[in-house]
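> Structure supplied as start.pdb; contents: PDB, C-alpha atoms.
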ATOM      1  CA  MET Q   1     192.516-104.762-266.805
ATOM      2  CA  ASP Q   2     191.232-105.069-263.250
ATOM      3  CA  HIS Q   3     188.768-107.948-263.495
ATOM      4  CA  THR Q   4     187.558-107.379-259.927
ATOM      5  CA  ALA Q   5     186.408-103.870-260.760
ATOM      6  CA  HIS Q   6     184.852-105.090-264.010
ATOM      7  CA  GLY Q   7     182.923-107.825-262.182
ATOM      8  CA  THR Q   8     181.838-105.354-259.530
ATOM      9  CA  ALA Q   9     180.599-102.856-262.054
ATOM     10  CA  HIS Q  10     178.578-105.383-263.994
ATOM     11  CA  GLY Q  11     177.658-108.332-261.801
ATOM     12  CA  THR Q  12     176.799-106.606-258.558
ATOM     13  CA  THR Q  13     175.282-103.452-259.975
ATOM     14  CA  HIS Q  14     172.671-105.513-261.746
ATOM     15  CA  GLY Q  15     171.951-107.761-258.781
ATOM     16  CA  GLY Q  16     174.222-110.662-259.646
ATOM     17  CA  PRO Q  17     176.743-112.031-257.216
ATOM     18  CA  GLY Q  18     180.235-110.640-257.380
ATOM     19  CA  THR Q  19     182.657-108.580-255.391
ATOM     20  CA  ALA Q  20     180.943-105.417-254.226
ATOM     21  CA  SER Q  21     182.873-102.166-254.183
ATOM     22  CA  TRP Q  22     183.238-100.102-251.050
ATOM     23  CA  ALA Q  23     181.609 -97.191-252.905
ATOM     24  CA  MET Q  24     178.540 -99.304-253.569
ATOM     25  CA  ALA Q  25     178.407-100.419-249.929
ATOM     26  CA  VAL Q  26     178.770 -96.834-248.716
ATOM     27  CA  LYS Q  27     175.978 -95.682-251.032
ATOM     28  CA  ALA Q  28     173.655 -98.474-249.868
ATOM     29  CA  THR Q  29     174.463 -97.750-246.217
ATOM     30  CA  LEU Q  30     173.920 -94.003-246.636
ATOM     31  CA  HIS Q  31     170.591 -94.709-248.346
ATOM     32  CA  CYS Q  32     169.532 -96.896-245.455
ATOM     33  CA  LEU Q  33     170.947 -94.539-242.829
ATOM     34  CA  THR Q  34     168.974 -91.615-244.253
ATOM     35  CA  GLY Q  35     165.658 -93.390-243.789
ATOM     36  CA  CYS Q  36     166.676 -94.683-240.363
ATOM     37  CA  ALA Q  37     167.819 -91.258-239.204
ATOM     38  CA  ILE Q  38     164.627 -89.525-240.327
ATOM     39  CA  GLY Q  39     162.460 -92.138-238.620
ATOM     40  CA  GLU Q  40     164.495 -92.323-235.460
ATOM     41  CA  ILE Q  41     164.814 -88.563-235.003
ATOM     42  CA  LEU Q  42     161.089 -88.141-235.657
ATOM     43  CA  GLY Q  43     160.298 -90.871-233.119
ATOM     44  CA  MET Q  44     162.583 -89.327-230.502
ATOM     45  CA  VAL Q  45     161.100 -85.872-231.069
ATOM     46  CA  ILE Q  46     157.501 -87.158-230.873
ATOM     47  CA  GLY Q  47     158.139 -89.300-227.784
ATOM     48  CA  THR Q  48     160.034 -86.525-226.034
ATOM     49  CA  ALA Q  49     157.430 -83.879-226.934
ATOM     50  CA  LEU Q  50     154.627 -86.123-225.617
ATOM     51  CA  LEU Q  51     156.628 -86.700-222.413
ATOM     52  CA  TRP Q  52     156.694 -90.446-222.981
ATOM     53  CA  GLY Q  53     159.147 -92.581-221.077
ATOM     54  CA  ASN Q  54     162.363 -93.931-222.552
ATOM     55  CA  VAL Q  55     161.038 -97.334-223.587
ATOM     56  CA  PRO Q  56     157.937 -96.184-225.531
ATOM     57  CA  THR Q  57     159.947 -93.382-227.141
ATOM     58  CA  MET Q  58     162.658 -95.814-228.226
ATOM     59  CA  ILE Q  59     160.077 -98.294-229.557
ATOM     60  CA  LEU Q  60     158.426 -95.531-231.607
ATOM     61  CA  ALA Q  61     161.806 -94.325-232.882
ATOM     62  CA  ILE Q  62     162.859 -97.817-233.948
ATOM     63  CA  ALA Q  63     159.493 -98.515-235.592
ATOM     64  CA  LEU Q  64     159.658 -95.251-237.549
ATOM     65  CA  ALA Q  65     163.270 -95.965-238.528
ATOM     66  CA  PHE Q  66     162.124 -99.208-240.142
ATOM     67  CA  VAL Q  67     159.121 -97.515-241.777
ATOM     68  CA  PHE Q  68     161.187 -94.709-243.293
ATOM     69  CA  GLY Q  69     164.105 -97.023-244.133
ATOM     70  CA  TYR Q  70     161.831 -99.393-246.033
ATOM     71  CA  SER Q  71     159.818 -96.586-247.625
ATOM     72  CA  PHE Q  72     162.826 -95.074-249.410
ATOM     73  CA  THR Q  73     163.501 -98.389-251.141
ATOM     74  CA  LEU Q  74     159.827 -99.180-251.634
ATOM     75  CA  PHE Q  75     159.088 -95.940-253.492
ATOM     76  CA  ALA Q  76     162.216 -96.295-255.650
ATOM     77  CA  VAL Q  77     161.289 -99.846-256.620
ATOM     78  CA  LEU Q  78     157.637 -98.951-257.275
ATOM     79  CA  ARG Q  79     158.844 -96.375-259.820
ATOM     80  CA  THR Q  80     160.414 -99.216-261.814
ATOM     81  CA  GLY Q  81     156.967-100.691-262.416
ATOM     82  CA  LEU Q  82     156.836-103.482-259.843
ATOM     83  CA  ASP Q  83     153.486-104.074-258.174
ATOM     84  CA  LEU Q  84     153.164-103.241-254.471
ATOM     85  CA  ARG Q  85     153.481-106.831-253.225
ATOM     86  CA  ALA Q  86     156.679-107.463-255.204
ATOM     87  CA  ALA Q  87     158.076-104.056-254.218
ATOM     88  CA  VAL Q  88     157.478-104.777-250.520
ATOM     89  CA  LYS Q  89     159.340-108.086-250.877
ATOM     90  CA  VAL Q  90     162.280-106.300-252.516
ATOM     91  CA  ALA Q  91     162.368-103.608-249.803
ATOM     92  CA  LEU Q  92     162.265-106.207-247.032
ATOM     93  CA  ALA Q  93     165.034-108.243-248.673
ATOM     94  CA  ALA Q  94     167.153-105.173-249.356
ATOM     95  CA  ASP Q  95     166.944-103.355-246.045
ATOM     96  CA  THR Q  96     166.007-105.583-243.115
ATOM     97  CA  VAL Q  97     169.510-106.634-242.072
ATOM     98  CA  SER Q  98     170.974-103.185-242.645
ATOM     99  CA  ILE Q  99     168.253-101.371-240.687
ATOM    100  CA  ALA Q 100     168.331-103.929-237.863
ATOM    101  CA  ILE Q 101     172.103-103.574-237.417
ATOM    102  CA  MET Q 102     171.924 -99.782-237.572
ATOM    103  CA  GLU Q 103     169.126 -99.624-235.046
ATOM    104  CA  PHE Q 104     170.802-102.066-232.682
ATOM    105  CA  VAL Q 105     174.120-100.203-232.756
ATOM    106  CA  ASP Q 106     172.631 -96.716-232.620
ATOM    107  CA  ASN Q 107     170.243 -97.479-229.786
ATOM    108  CA  ALA Q 108     172.884 -99.384-227.837
ATOM    109  CA  ILE Q 109     175.144 -96.337-228.000
ATOM    110  CA  ILE Q 110     172.346 -94.040-226.874
ATOM    111  CA  ALA Q 111     171.399 -96.408-224.041
ATOM    112  CA  LEU Q 112     175.029 -96.795-222.926
ATOM    113  CA  THR Q 113     175.900 -93.097-223.071
ATOM    114  CA  PRO Q 114     175.529 -91.797-219.505
ATOM    115  CA  GLY Q 115     172.646 -89.315-219.307
ATOM    116  CA  ALA Q 116     171.635 -89.581-222.966
ATOM    117  CA  MET Q 117     168.346 -91.362-222.261
ATOM    118  CA  ASP Q 118     167.308 -88.551-219.916
ATOM    119  CA  ALA Q 119     168.559 -85.694-222.098
ATOM    120  CA  HIS Q 120     166.066 -83.322-223.670
ATOM    121  CA  LEU Q 121     165.860 -82.207-227.298
ATOM    122  CA  SER Q 122     167.550 -78.954-226.345
ATOM    123  CA  ASP Q 123     170.546 -80.750-224.792
ATOM    124  CA  GLY Q 124     173.744 -81.213-226.742
ATOM    125  CA  LEU Q 125     174.135 -84.638-225.117
ATOM    126  CA  PHE Q 126     170.897 -85.828-226.762
ATOM    127  CA  TRP Q 127     172.092 -84.848-230.244
ATOM    128  CA  SER Q 128     175.720 -85.921-229.789
ATOM    129  CA  ALA Q 129     174.681 -89.397-228.569
ATOM    130  CA  LEU Q 130     172.140 -89.744-231.383
ATOM    131  CA  LEU Q 131     174.440 -88.517-234.150
ATOM    132  CA  GLY Q 132     177.438 -90.354-232.702
ATOM    133  CA  GLY Q 133     175.341 -93.504-232.669
ATOM    134  CA  PHE Q 134     174.475 -92.986-236.332
ATOM    135  CA  ALA Q 135     178.159 -92.521-237.185
ATOM    136  CA  VAL Q 136     179.188 -95.726-235.410
ATOM    137  CA  ALA Q 137     176.224 -97.600-236.926
ATOM    138  CA  PHE Q 138     177.339 -96.454-240.386
ATOM    139  CA  VAL Q 139     180.883 -97.744-239.789
ATOM    140  CA  VAL Q 140     179.594-101.095-238.491
ATOM    141  CA  THR Q 141     176.922-101.577-241.174
ATOM    142  CA  THR Q 142     178.944-100.639-244.276
ATOM    143  CA  PRO Q 143     181.114-103.797-244.291
ATOM    144  CA  VAL Q 144     178.006-105.925-243.698
ATOM    145  CA  ASN Q 145     176.308-104.297-246.694
ATOM    146  CA  LYS Q 146     179.451-104.820-248.781
ATOM    147  CA  TRP Q 147     179.465-108.505-247.880
ATOM    148  CA  MET Q 148     175.738-108.894-248.613
ATOM    149  CA  ILE Q 149     175.840-107.020-251.937
ATOM    150  CA  GLY Q 150     178.810-109.143-252.996
ATOM    151  CA  ARG Q 151     176.617-112.206-252.511
ATOM    152  CA  GLY Q 152     173.653-110.818-254.438
ATOM    153  CA  LYS Q 153     171.729-109.937-251.264
ATOM    154  CA  GLY Q 154     170.751-106.688-249.548
ATOM    155  CA  HIS Q 155     170.808-103.722-251.899
ATOM    156  CA  ALA Q 156     171.912-105.965-254.771
ATOM    157  CA  VAL Q 157     168.254-107.067-254.859
ATOM    158  CA  VAL Q 158     167.218-103.458-255.515
ATOM    159  CA  HIS Q 159     169.778-103.028-258.294
ATOM    160  CA  ALA Q 160     168.223-105.953-260.143
ATOM    161  CA  HIS Q 161     165.168-103.741-260.642
ATOM    162  CA  HIS Q 162     166.898-100.623-261.974
TER     163      HIS Q 162
END
Can you turn what I pasted into structure tokens?

Amino acid sequence: MDHTAHGTAHGTTHGGPGTASWAMAVKATLHCLTGCAIGEILGMVIGTALLWGNVPTMILAIALAFVFGYSFTLFAVLRTGLDLRAAVKVALAADTVSIAIMEFVDNAIIALTPGAMDAHLSDGLFWSALLGGFAVAFVVTTPVNKWMIGRGKGHAVVHAHH
């Protein structure tokens, strides 16, 4: 019997420390990435449509990425019966590091891609830099989430409430 897999299935899934599986880390990262992507794309679209400059558009996109990233976890945890204050604490504990890393990596790639900051919504460069940034952010964040879940942190906090 593979005791590592057994410990992963039981200890980490229910929020206890243990060795997290890659599948669990991927799922947590995809969950977080979905909220981040929705918020960031919405922020970029709004800022671009309103003809805002790069800095205010990026600030809005990052803020909305955090809002949507946290909201996915918040609503899931609220459905388990936690009160709003406790649910907010769980969402903050579960997602802050993951969202921060994703946003740093994604926005760094966009900022460092020549012409991407000046590209319009109709330009392929805009979308390729944005989506490429998400892909790299996913690859960078997944091992961090695996490490955190294995120590009872990050999304392991959410699993304690399922």
> Calculated over only C-alpha atoms, which of the candidates Q:Ser122, Q:Ala135, Q:Thr113, Q:Phe68 has the smallest distance to Q:Ala49?
Q:Ser122
> From the list Q:Val136, Q:Met117, Q:Ile41, Q:Ala28, which residue is nearest Q:Ala61 when using only C-alpha atoms?
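Of the candidates, the smallest distance to Q:Ala61 is held by Q:Ile41.
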> Let me make sure I understand: among Q:Ala93, Q:Leu60, Q:Ala20, Q:Leu30, which one has the smallest atom-to-atom distance to Q:Val139 if we use only C-alpha atoms?
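Closest to Q:Val139, using only C-alpha atoms: Q:Leu30.
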> Give the answer as one residue: which of Q:Met24, Q:Ile59, Q:Ala137, Q:Cys36 has the shortest atom-to-atom distance to Q:Asp106, using only C-alpha atoms?
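The shortest atom-to-atom distance to Q:Asp106 comes from Q:Ala137.
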> Extending 3 Å beyond the listed atoms of stretch 56-65 of chain Q on each side, what axis-aligned box results? I want centre and edge lengths in Å to one decimal, as JSON.

{"center_x": 160.6, "center_y": -95.9, "center_z": -232.0, "size_x": 11.3, "size_y": 11.1, "size_z": 19.0}
> Using all atoms listed in the file for the distances, tell me which of Q:Leu125, Q:Cys32, Q:Met58, Q:Arg151 is nearest to Q:Ala100.
Q:Cys32
> Let me make sure I understand: among Q:Gly115, Q:Gly35, Q:Gly47, Q:Gly152, which one has the smallest atom-to-atom distance to Q:Thr19 if we use only C-alpha atoms?
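Of Q:Gly115, Q:Gly35, Q:Gly47, Q:Gly152, the one nearest Q:Thr19 is Q:Gly152, counting only C-alpha atoms.
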> Can you list, as a list in words, the residues that the PyMOL selection byres ((chain Q and resi 126) around 12) selects here?
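Output of the PyMOL selection byres ((chain Q and resi 126) around 12): Ile41, Met44, Val45, Thr48, Ile109, Ile110, Ala111, Thr113, Pro114, Gly115, Ala116, Met117, Asp118, Ala119, His120, Leu121, Ser122, Asp123, Gly124, Leu125, Trp127, Ser128, Ala129, Leu130, Leu131, Gly132 and Gly133 of chain Q.
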> I'd like the neighbourhood of Q:Ile46 as a PDB file with C-alpha atoms, in the frame of the given file, where a residue qualifies if any of its atoms comes within 8 Å (using all atoms listed in the file), though same-chain residues fewer than 4 positions away should be ignored.

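Below you can see selection-v7.pdb, which holds the result:
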ATOM      1  CA  LEU Q  42     161.089 -88.141-235.657  1.00  0.00           C
ATOM      2  CA  LEU Q  50     154.627 -86.123-225.617  1.00  0.00           C
ATOM      3  CA  THR Q  57     159.947 -93.382-227.141  1.00  0.00           C
TER       4      THR Q  57
END
> What gap, in Å, lies between atom CA of Q:Thr96 and atom CA of Q:Leu84?
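Spanning atom CA of Q:Thr96 to atom CA of Q:Leu84 is a straight-line distance of 17.3 Å.
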> Between atom CA of Q:Lys153 and atom CA of Q:Ile38, what distance in Å does the model show, to one decimal?
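Calculated distance between atom CA of Q:Lys153 and atom CA of Q:Ile38 is 24.2 Å.
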> Can you measure atom CA of Q:Ala91 to atom CA of Q:Phe104 for me? One decimal in Å is fine.
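According to the coordinates, atom CA of Q:Ala91 and atom CA of Q:Phe104 are separated by 19.1 Å.
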> What do you get, as a compact mmCIF listing (two decimals) with C-alpha atoms, in the frame of the given file, if you spell out every residue that the PyMOL selection byres ((chain Q and resi 77-79) around 9) selects here?

# COMPACT_ATOMS: atom_id res chain seq x y z
CA PHE Q 72 162.83 -95.07 -249.41
CA THR Q 73 163.50 -98.39 -251.14
CA LEU Q 74 159.83 -99.18 -251.63
CA PHE Q 75 159.09 -95.94 -253.49
CA ALA Q 76 162.22 -96.30 -255.65
CA THR Q 80 160.41 -99.22 -261.81
CA GLY Q 81 156.97 -100.69 -262.42
CA LEU Q 82 156.84 -103.48 -259.84
CA ASP Q 83 153.49 -104.07 -258.17
CA LEU Q 84 153.16 -103.24 -254.47
CA ALA Q 86 156.68 -107.46 -255.20
CA ALA Q 87 158.08 -104.06 -254.22
CA VAL Q 88 157.48 -104.78 -250.52
CA VAL Q 90 162.28 -106.30 -252.52
CA ALA Q 91 162.37 -103.61 -249.80
CA VAL Q 158 167.22 -103.46 -255.52
CA HIS Q 161 165.17 -103.74 -260.64
CA HIS Q 162 166.90 -100.62 -261.97
> Near Q:Val140, within 12 Å and counting all atoms listed in the file, which residues show up once chain neighbours fewer than 2 positions away are dropped, as an MDAnalysis selection string?
chainID Q and resid 25:26 29 33 98:106 133:138 142:147
